[in-house]
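final18.csv (CSV, C-alpha atoms and all ligand atoms)
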chain,number,residue,atom,x,y,z
A,7,MET,CA,-28.5,-104.0,-38.4
A,8,SER,CA,-31.8,-105.6,-37.2
A,9,THR,CA,-34.8,-105.5,-39.5
A,10,PHE,CA,-38.1,-103.9,-38.5
A,11,GLY,CA,-41.2,-103.9,-40.8
A,12,LEU,CA,-44.4,-102.0,-40.5
A,13,TYR,CA,-47.7,-103.2,-41.9
A,14,LEU,CA,-50.7,-100.9,-42.2
A,15,HIS,CA,-54.2,-102.3,-43.1
A,16,TRP,CA,-56.7,-100.3,-45.1
A,17,PRO,CA,-59.9,-102.4,-44.7
A,18,PHE,CA,-62.2,-101.1,-47.5
A,19,CYS,CA,-62.8,-102.2,-51.1
A,20,LEU,CA,-65.3,-101.0,-53.8
A,21,SER,CA,-66.8,-104.5,-53.9
A,22,LYS,CA,-66.2,-107.8,-52.2
A,23,CYS,CA,-64.6,-110.5,-54.4
A,24,PRO,CA,-66.5,-113.8,-53.9
A,25,TYR,CA,-63.2,-115.8,-53.2
A,26,CYS,CA,-61.7,-113.3,-50.7
A,27,ASP,CA,-61.6,-113.8,-47.0
A,28,PHE,CA,-59.3,-110.9,-46.2
A,29,ASN,CA,-60.4,-108.3,-43.6
A,30,SER,CA,-62.0,-106.2,-46.3
A,31,HIS,CA,-65.4,-104.4,-46.2
A,32,VAL,CA,-67.6,-102.5,-48.6
A,33,ARG,CA,-69.2,-99.3,-47.2
A,34,HIS,CA,-72.0,-97.6,-49.1
A,35,ALA,CA,-71.6,-94.3,-47.2
A,36,ALA,CA,-68.4,-92.5,-47.6
A,37,VAL,CA,-65.6,-93.6,-45.3
A,38,ASP,CA,-64.4,-90.8,-42.9
A,39,GLU,CA,-60.9,-91.0,-44.1
A,40,ALA,CA,-59.6,-88.1,-41.9
A,41,ARG,CA,-60.9,-89.9,-38.8
A,42,PHE,CA,-59.1,-93.1,-39.9
A,43,ALA,CA,-56.0,-91.1,-40.5
A,44,ARG,CA,-56.0,-89.7,-37.0
A,45,ALA,CA,-56.5,-93.2,-35.6
A,46,PHE,CA,-53.6,-94.5,-37.7
A,47,LEU,CA,-51.4,-91.8,-36.3
A,48,ALA,CA,-52.5,-92.5,-32.7
A,49,GLU,CA,-51.8,-96.2,-33.1
A,50,ILE,CA,-48.4,-95.5,-34.7
A,51,ALA,CA,-47.5,-93.3,-31.6
A,52,ALA,CA,-48.7,-96.0,-29.2
A,53,THR,CA,-46.6,-98.7,-31.1
A,54,ALA,CA,-43.6,-96.5,-31.0
A,55,ARG,CA,-43.9,-96.2,-27.2
A,56,ARG,CA,-43.9,-100.0,-27.1
A,57,VAL,CA,-41.0,-100.6,-29.4
A,58,PRO,CA,-38.9,-97.3,-29.5
A,59,GLY,CA,-35.6,-96.8,-31.2
A,60,ARG,CA,-36.2,-99.1,-34.2
A,61,THR,CA,-35.0,-98.4,-37.7
A,62,VAL,CA,-37.9,-99.1,-40.1
A,63,SER,CA,-36.6,-101.0,-43.1
A,64,THR,CA,-40.0,-101.8,-44.8
A,65,ILE,CA,-43.5,-100.4,-44.8
A,66,PHE,CA,-46.4,-102.2,-46.4
A,67,PHE,CA,-49.9,-100.7,-47.1
A,68,GLY,CA,-52.1,-103.8,-47.5
A,69,GLY,CA,-55.8,-104.4,-47.6
A,70,GLY,CA,-58.5,-104.3,-48.5
A,71,THR,CA,-57.7,-101.8,-51.2
A,72,PRO,CA,-55.2,-99.2,-50.0
A,73,SER,CA,-55.0,-97.6,-53.4
A,74,LEU,CA,-58.4,-96.1,-52.4
A,75,MET,CA,-56.6,-94.0,-49.8
A,76,GLN,CA,-56.0,-90.4,-50.6
A,77,PRO,CA,-52.3,-89.8,-51.3
A,78,ALA,CA,-52.4,-87.2,-48.4
A,79,THR,CA,-53.5,-89.9,-46.0
A,80,VAL,CA,-50.6,-92.1,-47.1
A,81,GLY,CA,-48.2,-89.1,-46.7
A,82,ALA,CA,-49.5,-88.3,-43.2
A,83,VAL,CA,-48.9,-92.0,-42.2
A,84,LEU,CA,-45.4,-91.9,-43.6
A,85,ASP,CA,-44.6,-88.6,-41.8
A,86,ALA,CA,-45.8,-90.0,-38.5
A,87,VAL,CA,-43.7,-93.2,-39.0
A,88,ALA,CA,-40.6,-90.9,-39.6
A,89,ARG,CA,-41.4,-88.8,-36.5
A,90,HIS,CA,-41.4,-91.8,-34.2
A,91,TRP,CA,-38.6,-94.1,-35.6
A,92,SER,CA,-35.5,-93.8,-37.8
A,93,ILE,CA,-36.1,-94.7,-41.5
A,94,ALA,CA,-33.5,-96.9,-43.3
A,95,ALA,CA,-31.9,-95.1,-46.2
A,96,ASP,CA,-33.0,-97.8,-48.5
A,97,VAL,CA,-36.5,-98.2,-47.0
A,98,GLU,CA,-39.0,-100.2,-49.2
A,99,ILE,CA,-42.5,-98.7,-49.1
A,100,THR,CA,-45.1,-100.9,-50.9
A,101,LEU,CA,-48.8,-100.2,-51.5
A,102,GLU,CA,-51.3,-102.7,-52.8
A,103,ALA,CA,-53.4,-101.4,-55.6
A,104,ASN,CA,-56.4,-102.6,-57.6
A,105,PRO,CA,-56.0,-102.1,-61.3
A,106,THR,CA,-58.9,-99.8,-62.1
A,107,SER,CA,-58.3,-96.7,-64.0
A,108,VAL,CA,-59.4,-94.5,-61.1
A,109,GLU,CA,-56.8,-95.9,-58.9
A,110,ALA,CA,-54.0,-95.9,-61.5
A,111,SER,CA,-54.6,-92.2,-61.9
A,112,ARG,CA,-53.5,-91.8,-58.3
A,113,PHE,CA,-50.1,-93.5,-58.7
A,114,ARG,CA,-48.1,-90.3,-59.1
A,115,GLY,CA,-49.6,-88.8,-56.0
A,116,ILE,CA,-48.9,-92.0,-54.1
A,117,ARG,CA,-45.3,-91.9,-55.3
A,118,ALA,CA,-45.0,-88.2,-54.3
A,119,ALA,CA,-46.2,-89.2,-50.8
A,120,GLY,CA,-43.2,-91.6,-50.5
A,121,VAL,CA,-44.4,-95.0,-51.7
A,122,ASN,CA,-41.7,-96.6,-53.9
A,123,ARG,CA,-43.2,-99.9,-54.8
A,124,VAL,CA,-46.7,-101.0,-55.9
A,125,SER,CA,-48.3,-104.4,-56.0
A,126,LEU,CA,-51.2,-104.7,-58.4
A,127,GLY,CA,-54.0,-107.3,-58.0
A,128,VAL,CA,-54.4,-108.2,-61.7
A,129,GLN,CA,-55.7,-111.8,-60.8
A,130,ALA,CA,-56.3,-112.9,-64.5
A,131,LEU,CA,-55.5,-111.8,-68.0
A,132,ASP,CA,-58.8,-113.2,-69.3
A,133,ASP,CA,-62.1,-111.2,-69.2
A,134,ASP,CA,-64.3,-114.3,-68.6
A,135,ALA,CA,-62.1,-115.3,-65.7
A,136,LEU,CA,-62.1,-111.8,-64.3
A,137,ARG,CA,-65.9,-111.7,-64.4
A,138,GLN,CA,-66.1,-115.1,-62.7
A,139,LEU,CA,-63.7,-113.8,-60.0
A,140,GLY,CA,-66.1,-110.8,-59.5
A,141,ARG,CA,-63.5,-108.3,-60.5
A,142,LEU,CA,-64.4,-104.7,-61.5
A,143,HIS,CA,-61.7,-104.4,-64.2
A,144,THR,CA,-61.0,-106.0,-67.6
A,145,ALA,CA,-57.7,-107.5,-68.7
A,146,ARG,CA,-57.0,-104.5,-70.8
A,147,GLU,CA,-57.5,-102.1,-67.8
A,148,ALA,CA,-55.3,-104.3,-65.7
A,149,LEU,CA,-52.5,-104.1,-68.3
A,150,ASP,CA,-53.0,-100.4,-68.7
A,151,ALA,CA,-52.5,-100.1,-64.9
A,152,VAL,CA,-49.4,-102.2,-65.1
A,153,ALA,CA,-48.0,-99.8,-67.8
A,154,ILE,CA,-48.7,-96.8,-65.5
A,155,ALA,CA,-47.1,-98.6,-62.6
A,156,ARG,CA,-44.0,-99.3,-64.7
A,157,ALA,CA,-43.8,-95.7,-65.8
A,158,VAL,CA,-44.3,-94.3,-62.3
A,159,PHE,CA,-42.4,-96.7,-60.0
A,160,ASP,CA,-39.0,-98.3,-60.3
A,161,ARG,CA,-40.3,-101.3,-58.4
A,162,TRP,CA,-43.7,-102.9,-59.0
A,163,SER,CA,-45.3,-106.3,-59.0
A,164,PHE,CA,-48.6,-107.9,-59.9
A,165,ASP,CA,-50.6,-110.9,-58.6
A,166,LEU,CA,-52.4,-113.6,-60.5
A,167,ILE,CA,-54.7,-116.3,-59.3
A,168,TYR,CA,-54.5,-119.7,-61.0
A,169,ALA,CA,-56.1,-123.2,-60.6
A,170,ARG,CA,-59.3,-121.4,-61.4
A,171,PRO,CA,-62.5,-123.3,-62.3
A,172,GLY,CA,-62.1,-124.9,-65.7
A,173,GLN,CA,-58.5,-123.7,-66.2
A,174,THR,CA,-56.4,-126.1,-68.3
A,175,PRO,CA,-52.5,-126.3,-68.2
A,176,GLN,CA,-52.5,-125.1,-71.9
A,177,ALA,CA,-54.6,-122.0,-71.2
A,178,TRP,CA,-52.6,-121.2,-68.1
A,179,THR,CA,-49.3,-121.6,-69.9
A,180,ALA,CA,-50.4,-119.0,-72.6
A,181,GLU,CA,-51.8,-116.6,-69.9
A,182,LEU,CA,-48.7,-116.9,-67.8
A,183,LYS,CA,-46.3,-116.4,-70.7
A,184,ARG,CA,-48.2,-113.2,-71.5
A,185,ALA,CA,-47.9,-112.2,-67.8
A,186,VAL,CA,-44.2,-112.9,-67.7
A,187,SER,CA,-43.7,-110.8,-70.8
A,188,GLU,CA,-45.3,-107.9,-68.9
A,189,ALA,CA,-43.6,-108.5,-65.6
A,190,GLY,CA,-40.8,-106.5,-64.0
A,191,GLU,CA,-38.8,-107.9,-61.2
A,192,HIS,CA,-41.5,-109.6,-59.2
A,193,LEU,CA,-44.7,-111.7,-59.7
A,194,SER,CA,-47.0,-113.3,-57.1
A,195,LEU,CA,-48.9,-116.4,-58.4
A,196,TYR,CA,-51.5,-117.8,-56.0
A,197,GLN,CA,-53.4,-121.0,-56.4
A,198,LEU,CA,-57.1,-120.3,-55.8
A,199,THR,CA,-58.0,-121.3,-52.3
A,200,ILE,CA,-61.7,-121.9,-51.5
A,201,GLU,CA,-62.0,-120.1,-48.2
A,202,GLN,CA,-64.8,-120.8,-45.7
A,203,ASP,CA,-67.5,-118.3,-45.4
A,204,THR,CA,-67.1,-116.9,-48.9
A,205,PRO,CA,-69.6,-117.2,-51.8
A,206,PHE,CA,-67.1,-119.4,-53.6
A,207,PHE,CA,-67.2,-121.8,-50.6
A,208,THR,CA,-71.0,-122.1,-50.9
A,209,LEU,CA,-70.9,-122.5,-54.7
A,210,HIS,CA,-68.1,-125.1,-54.4
A,211,ALA,CA,-69.9,-127.1,-51.7
A,212,ALA,CA,-73.1,-127.1,-53.9
A,213,GLY,CA,-71.1,-128.4,-56.9
A,214,LYS,CA,-71.7,-125.2,-58.9
A,215,LEU,CA,-68.0,-124.2,-58.9
A,216,VAL,CA,-65.6,-127.0,-59.8
A,217,THR,CA,-61.9,-126.4,-59.2
A,218,PRO,CA,-59.2,-128.4,-61.0
A,219,ASP,CA,-58.6,-131.9,-59.6
A,220,GLU,CA,-55.4,-132.8,-57.9
A,221,ASP,CA,-53.5,-134.0,-61.0
A,222,THR,CA,-54.5,-130.8,-63.0
A,223,ALA,CA,-53.6,-128.6,-60.0
A,224,ARG,CA,-50.2,-130.3,-59.9
A,225,ALA,CA,-49.8,-129.8,-63.7
A,226,LEU,CA,-50.7,-126.1,-63.3
A,227,TYR,CA,-48.2,-125.7,-60.5
A,228,ASP,CA,-45.4,-127.5,-62.5
A,229,THR,CA,-46.2,-125.2,-65.5
A,230,THR,CA,-45.9,-122.2,-63.2
A,231,GLN,CA,-42.4,-123.2,-62.0
A,232,ALA,CA,-41.2,-124.1,-65.5
A,233,VAL,CA,-42.5,-120.9,-67.3
A,234,CYS,CA,-41.2,-118.6,-64.5
A,235,THR,CA,-37.8,-120.2,-64.1
A,236,ALA,CA,-37.3,-120.1,-67.9
A,237,ALA,CA,-38.1,-116.4,-67.8
A,238,GLY,CA,-35.6,-115.6,-65.0
A,239,LEU,CA,-38.3,-115.3,-62.3
A,240,PRO,CA,-37.8,-118.4,-60.2
A,241,ALA,CA,-39.9,-118.9,-57.0
A,242,TYR,CA,-38.1,-117.5,-53.9
A,243,GLU,CA,-41.2,-118.4,-51.9
A,244,VAL,CA,-44.1,-120.8,-52.4
A,245,SER,CA,-46.2,-118.3,-54.4
A,246,ASN,CA,-43.7,-115.5,-55.1
A,247,HIS,CA,-41.3,-115.1,-58.0
A,248,ALA,CA,-38.5,-112.6,-58.5
A,249,ARG,CA,-35.4,-111.8,-60.4
A,250,PRO,CA,-32.4,-111.9,-58.0
A,251,GLY,CA,-32.6,-108.8,-55.8
A,252,GLY,CA,-36.3,-108.1,-56.8
A,253,GLU,CA,-37.8,-109.9,-53.8
A,254,CYS,CA,-40.4,-108.1,-51.7
A,255,ARG,CA,-38.3,-107.2,-48.7
A,256,HIS,CA,-41.4,-106.6,-46.5
A,257,ASN,CA,-42.7,-110.2,-47.0
A,258,LEU,CA,-39.1,-111.5,-46.3
A,259,VAL,CA,-39.4,-109.8,-42.8
A,260,TYR,CA,-42.3,-112.3,-42.1
A,261,TRP,CA,-40.7,-115.3,-43.7
A,262,ARG,CA,-37.3,-114.8,-42.1
A,263,GLY,CA,-38.8,-114.3,-38.6
A,264,HIS,CA,-37.9,-110.7,-38.1
A,265,GLU,CA,-39.8,-108.1,-36.1
A,266,TYR,CA,-42.8,-106.2,-37.4
A,267,ALA,CA,-45.6,-104.0,-36.2
A,268,GLY,CA,-49.2,-104.1,-37.4
A,269,ILE,CA,-51.3,-100.9,-37.6
A,270,GLY,CA,-55.0,-100.6,-38.4
A,271,PRO,CA,-58.0,-103.0,-38.2
A,272,GLY,CA,-57.1,-106.7,-37.9
A,273,ALA,CA,-53.3,-106.1,-38.3
A,274,HIS,CA,-50.9,-108.6,-36.7
A,275,GLY,CA,-47.5,-107.9,-35.3
A,276,ARG,CA,-44.6,-109.7,-33.8
A,277,LEU,CA,-42.8,-107.4,-31.3
A,278,ASP,CA,-39.6,-108.1,-29.3
A,279,VAL,CA,-40.2,-106.6,-25.9
A,280,GLY,CA,-38.2,-107.3,-22.7
A,281,GLY,CA,-36.4,-110.3,-24.3
A,282,GLU,CA,-39.7,-112.0,-25.3
A,283,ARG,CA,-41.4,-112.2,-28.7
A,284,ARG,CA,-45.0,-111.0,-28.4
A,285,ALA,CA,-47.8,-111.8,-30.9
A,286,THR,CA,-50.2,-108.8,-31.2
A,287,ALA,CA,-53.4,-108.3,-33.1
A,288,THR,CA,-55.9,-105.5,-33.3
A,289,GLU,CA,-59.7,-105.4,-33.4
A,290,ARG,CA,-60.8,-106.5,-36.9
A,291,ARG,CA,-64.0,-104.6,-37.4
A,292,PRO,CA,-63.1,-101.2,-38.8
A,293,GLU,CA,-65.5,-99.0,-36.9
A,294,ALA,CA,-64.9,-100.9,-33.6
A,295,TRP,CA,-61.2,-100.5,-34.2
A,296,LEU,CA,-61.7,-96.8,-34.7
A,297,MET,CA,-63.7,-96.4,-31.5
A,298,ARG,CA,-61.2,-98.4,-29.5
A,299,VAL,CA,-58.3,-96.3,-30.8
A,300,GLU,CA,-60.2,-93.1,-30.0
A,301,SER,CA,-60.9,-94.2,-26.4
A,302,LEU,CA,-57.7,-96.2,-25.6
A,303,GLY,CA,-55.1,-94.8,-28.0
A,304,HIS,CA,-54.6,-98.2,-29.7
A,305,GLY,CA,-56.7,-101.0,-31.2
A,306,VAL,CA,-54.8,-103.9,-29.8
A,307,VAL,CA,-57.0,-106.8,-28.5
A,308,THR,CA,-54.3,-109.6,-28.3
A,309,ASP,CA,-50.8,-109.2,-26.9
A,310,GLU,CA,-49.2,-112.3,-25.7
A,311,ALA,CA,-45.7,-113.7,-25.2
A,312,LEU,CA,-45.0,-116.7,-27.4
A,313,THR,CA,-43.2,-119.7,-25.8
A,314,PRO,CA,-39.8,-120.7,-27.2
A,315,ASP,CA,-41.5,-123.7,-28.9
A,316,GLU,CA,-44.1,-121.4,-30.5
A,317,VAL,CA,-41.4,-119.0,-31.7
A,318,ALA,CA,-39.3,-121.8,-33.2
A,319,ASP,CA,-42.2,-123.5,-34.9
A,320,GLU,CA,-43.3,-120.3,-36.4
A,321,PHE,CA,-39.8,-119.7,-37.7
A,322,LEU,CA,-39.8,-123.2,-39.3
A,323,LEU,CA,-43.3,-122.8,-40.8
A,324,MET,CA,-42.5,-119.4,-42.3
A,325,GLY,CA,-38.8,-120.0,-43.2
A,326,LEU,CA,-39.4,-123.3,-45.1
A,327,ARG,CA,-41.7,-121.4,-47.5
A,328,LEU,CA,-38.5,-119.8,-48.8
A,329,ALA,CA,-36.3,-121.3,-51.4
A,330,GLU,CA,-33.3,-120.3,-49.3
A,331,GLY,CA,-34.7,-122.4,-46.4
A,332,ILE,CA,-33.7,-121.8,-42.7
A,333,ASP,CA,-30.6,-121.8,-40.6
A,334,PRO,CA,-31.0,-124.9,-38.3
A,335,GLN,CA,-28.7,-123.2,-35.7
A,336,ARG,CA,-31.1,-120.4,-35.4
A,337,PHE,CA,-34.0,-122.9,-34.9
A,338,ALA,CA,-31.9,-124.5,-32.1
A,339,ARG,CA,-31.3,-121.2,-30.4
A,340,LEU,CA,-35.0,-120.3,-30.5
A,341,ALA,CA,-36.3,-123.7,-29.5
A,342,GLY,CA,-33.5,-124.5,-27.0
A,343,ARG,CA,-33.1,-127.8,-28.8
A,344,PRO,CA,-32.0,-128.8,-32.3
A,345,LEU,CA,-34.2,-130.2,-35.0
A,346,ASP,CA,-34.5,-134.0,-34.9
A,347,PRO,CA,-31.6,-135.3,-37.0
A,348,ARG,CA,-33.4,-138.6,-37.7
A,349,ARG,CA,-36.4,-136.8,-39.2
A,350,ILE,CA,-34.2,-134.6,-41.3
A,351,ALA,CA,-32.3,-137.8,-42.5
A,352,LEU,CA,-35.6,-139.5,-43.5
A,353,LEU,CA,-36.9,-136.4,-45.3
A,354,ARG,CA,-33.5,-136.1,-47.1
A,355,GLU,CA,-33.7,-139.7,-48.2
A,356,GLU,CA,-37.2,-139.1,-49.6
A,357,GLY,CA,-35.7,-136.2,-51.5
A,358,ALA,CA,-37.9,-133.6,-49.8
A,359,VAL,CA,-35.2,-131.5,-48.1
A,360,GLU,CA,-31.5,-130.8,-48.6
A,361,THR,CA,-28.7,-129.1,-46.7
A,362,THR,CA,-26.8,-126.5,-48.7
A,363,ALA,CA,-23.0,-126.0,-48.6
A,364,ASP,CA,-23.5,-123.1,-46.1
A,365,GLY,CA,-25.6,-125.2,-43.8
A,366,GLN,CA,-29.1,-123.9,-44.7
A,367,LEU,CA,-31.9,-126.5,-44.5
A,368,ARG,CA,-34.2,-126.1,-47.4
A,369,VAL,CA,-37.1,-127.8,-49.1
A,370,THR,CA,-36.3,-129.2,-52.6
A,371,ALA,CA,-38.4,-128.7,-55.8
A,372,ALA,CA,-39.9,-132.2,-55.2
A,373,GLY,CA,-40.7,-131.3,-51.6
A,374,PHE,CA,-42.5,-128.0,-52.2
A,375,PRO,CA,-45.8,-129.5,-53.5
A,376,VAL,CA,-46.0,-131.4,-50.1
A,377,LEU,CA,-44.6,-128.6,-48.0
A,378,ASP,CA,-47.3,-128.8,-45.3
A,379,ALA,CA,-46.4,-132.4,-44.6
A,380,VAL,CA,-42.7,-131.7,-44.5
A,381,VAL,CA,-43.2,-128.8,-42.0
A,382,ALA,CA,-45.6,-131.0,-39.9
A,383,ASP,CA,-43.0,-133.7,-39.8
A,384,LEU,CA,-40.1,-131.5,-38.7
A,385,ALA,CA,-42.2,-129.5,-36.2
A,386,ALA,CA,-43.6,-132.5,-34.4
B,401,LIG,C1,-55.3,-108.6,-49.9
B,401,LIG,S1,-55.4,-109.0,-51.6
B,401,LIG,C2,-55.0,-107.3,-52.1
B,401,LIG,C3,-55.0,-106.9,-53.5
B,401,LIG,C4,-56.1,-106.0,-53.9
B,401,LIG,N1,-57.1,-105.7,-53.0
B,401,LIG,C5,-56.7,-106.6,-55.1
B,401,LIG,O1,-57.6,-107.5,-54.9
B,401,LIG,O2,-56.3,-106.3,-56.2
B,401,LIG,C6,-53.8,-109.8,-52.0
B,401,LIG,C7,-53.9,-110.9,-53.0
B,401,LIG,O3,-54.3,-112.1,-52.4
B,401,LIG,C8,-54.8,-113.0,-53.5
B,401,LIG,N2,-56.0,-113.7,-53.0
B,401,LIG,C9,-57.0,-113.3,-52.3
B,401,LIG,N3,-57.9,-114.2,-52.0
B,401,LIG,C10,-57.4,-115.4,-52.6
B,401,LIG,C11,-57.9,-116.7,-52.7
B,401,LIG,N4,-59.0,-117.1,-52.1
B,401,LIG,N5,-57.1,-117.6,-53.3
B,401,LIG,C12,-55.9,-117.3,-53.9
B,401,LIG,N6,-55.5,-116.0,-53.9
B,401,LIG,C13,-56.2,-115.1,-53.2
B,401,LIG,C14,-55.1,-112.1,-54.7
B,401,LIG,O4,-54.2,-112.4,-55.7
B,401,LIG,C15,-54.9,-110.7,-54.1
B,401,LIG,O5,-54.3,-109.9,-55.1
B,402,LIG,S1,-59.4,-109.5,-53.4
B,402,LIG,FE1,-58.7,-107.4,-53.0
B,402,LIG,S2,-60.4,-106.2,-53.9
B,402,LIG,FE2,-61.2,-108.2,-53.7
B,402,LIG,S3,-62.3,-108.2,-51.8
B,402,LIG,FE3,-60.2,-109.0,-51.4
B,402,LIG,S4,-59.0,-107.3,-50.8
B,402,LIG,FE4,-60.9,-106.4,-51.7

Would you kindly transcribe this structure into structure tokens?
Ligand SMILES: C[S@@+](CC[C@H](N)C(=O)[O-])C[C@H]1O[C@@H](n2cnc3c(N)ncnc32)[C@H](O)[C@@H]1O
Ligand code: SF4
Amino acid sequence: MSTFGLYLHWPFCLSKCPYCDFNSHVRHAAVDEARFARAFLAEIAATARRVPGRTVSTIFFGGGTPSLMQPATVGAVLDAVARHWSIAADVEITLEANPTSVEASRFRGIRAAGVNRVSLGVQALDDDALRQLGRLHTAREALDAVAIARAVFDRWSFDLIYARPGQTPQAWTAELKRAVSEAGEHLSLYQLTIEQDTPFFTLHAAGKLVTPDEDTARALYDTTQAVCTAAGLPAYEVSNHARPGGECRHNLVYWRGHEYAGIGPGAHGRLDVGGERRATATERRPEAWLMRVESLGHGVVTDEALTPDEVADEFLLMGLRLAEGIDPQRFARLAGRPLDPRRIALLREEGAVETTADGQLRVTAAGFPVLDAVVADLAA
């Protein structure tokens, strides 16, 4: 059966974290949630007219902070999805949550609405680091939220950010061991990225925020792999760790190059229409998206067919992030030409890639720290 995922974006947060460049906004007046809910339903209906007859295998409420949504809004969205498409019996429905006590108190309602997996943005288990990251919760509150998630959901995960200013491999090892002891089947571990147009970018450029140098960053990455592998949570993707079977199936839809729809402000989709793969994107600004949906029935501002080369390169770029790698035959079918065997041979000699017994091409442990260069080499 083919795989179809649905992403829904809730674009609001209680405060803007200084490192974050996601499409997330703070509103001092109350958000008109009923109006947003109606617009989500309209956009779901419009998308279903575009790609009818699909069976939805994964749904992901991302943000922003979708744990700020009322459970009734989440339920209305899920009802609408079920009215327009079939739902797979084993559908995975994830919602991203911030670990404040207010939001954790909503977990039961969110589960009753149909969500069966939560992903918590813990970010750090150290109060000084949380303050520096501009978070509104303490480590204690985050761990309490983890405990509530564990009690309410069979499947849950949490995120940490590492390679933070001043972080040593020793301190990170201790923090990560603590995290792993609290983890279930899944853990996301992101290296801090200094994103343009964020307060961290300005501080960093002014020398007021010093991130670990290259050697330290590498040591922090190596520590991450060693601690997680020893705990039975190996990386299945660059930043994502899981016990076998605990992988986030929605994110696998992206990395394996399957079809997905994006609903809500600034959501992206990849839709297969009329034998073509189309890249879609909606208006990013929440209120502008709302008005567009109210007048046109959808918020789509970009909808273009990708060329075979673009589809194949995207498949390579996304697929090589996975430990399982890619099927080179599928690349050849998408691109209309195989990957260059000489480039593969060179990268194999360098120890950066390998071919498995079942013919998958994958990046090795030595290749992952230089993944961008490996992909650039193969895609060229
Ligand atoms: C869209 S956020 C949603 C999570 C939720 N809003 C929260 O903050 O708890 C997804 C994750 O991306 C990660 N992230 C965001 N900005 C990052 C950055 N500049 N560097 C590394 N990780 C980042 C954080 O770990 C965050 O939990
Ligand atoms: S990290 Fe999460 S809570 Fe912070 S601004 Fe970004 S989306 Fe909002």

request  = Can you pull out every residue within 9 Å of range 52-64 of chain A, counting all atoms listed in the file, but drop anything in the same chain fewer than 5 positions away, and send it as a ChimeraX atom specification?
outcome  = /A:7-13,47,87-88,90-100,255-256,259,267-269,277-279,303-304

request  = Please extract the residues at most 10 Å from ligand LIG 402 (chain B), counting only C-alpha atoms and all ligand atoms, and provide them as number ranges by chain, using the chain letters and residue numbers of this document.
outcome  = A: 16-32, 68-72, 102-105, 126-129, 139-142

request  = Tell me which protein, DNA and RNA residues are within 10 Å of Arg146 in chain A, counting all atoms listed in the file, leaving out same-chain ones fewer than 4 positions away, and put them as a ChimeraX atom specification.
outcome  = /A:105,131-133,150-152

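Distances to Gly238 in chain A were evaluated for A:Leu302, A:Val376, A:Leu193, A:Leu136 using only C-alpha atoms, and the minimum falls at A:Leu193.
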
Spatial neighbours of Ala241 in chain A, 12 Å, only C-alpha atoms, chain gap at least 3 places, as a VMD selection string = chain A and resid 191 to 196 227 to 228 230 to 238 244 to 250 252 to 253 327 to 330 370 to 371 374

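For Asp85 in chain A, the non-local neighbours within 10 Å, defined as residues at least 6 positions apart in the same chain or in other chains and counting only C-alpha atoms, are Leu47, Thr79, Ala119 and Gly120 of chain A.
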
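With all atoms listed in the file as the basis for measurement, A:Ser187 is the residue among A:Ser73, A:Ser187, A:Ser111, A:Ser125 that approaches Leu239 in chain A most closely.
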
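Comparing the minimum interatomic distances between Val121 in chain A and each of A:Tyr168, A:Glu320, A:Ala157, A:Ile65, counting all atoms listed in the file, we find that A:Ile65 sits nearest.
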
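The neighbours of Glu282 in chain A here are the residues that come within 9 Å of it, using only C-alpha atoms and leaving out any residue fewer than 5 positions away in the same chain; they are Leu277, Ala311, Leu312, Thr313 and Pro314 of chain A.
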
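For the residues A:His143, A:Arg123, A:Arg33, A:Arg89, ranking by smallest atom-to-atom distance to ligand LIG 401 (chain B) using all atoms listed in the file places A:His143 first.
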
task = Between A:Gly172, A:Gly280, A:Gly263, A:Gly213, single out the one closest to Leu326 in chain A, counting all atoms listed in the file.
result = A:Gly263

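Put simply, CA of Leu377 in chain A is 15.2 Å away from CA of Glu220 in chain A.
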
Separation of CA of Pro171 in chain A from CA of Lys214 in chain A, in Å and rounded to one decimal = 10.0 Å

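Candidate residues A:Asp134, A:Asp309, A:Asp165, A:Glu355 were compared for distance to ligand LIG 401 (chain B), and the nearest is A:Asp165, using all atoms listed in the file.
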
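CA of Leu198 in chain A to CA of Cys254 in chain A spans 21.1 Å [interatomic distance, one decimal].
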
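Near (-55.5, -127.1, -54.4), the residues inside the 7 Å limit, counting all atoms listed in the file, come to Gln197, Thr199, Glu220 and Ala223 of chain A.
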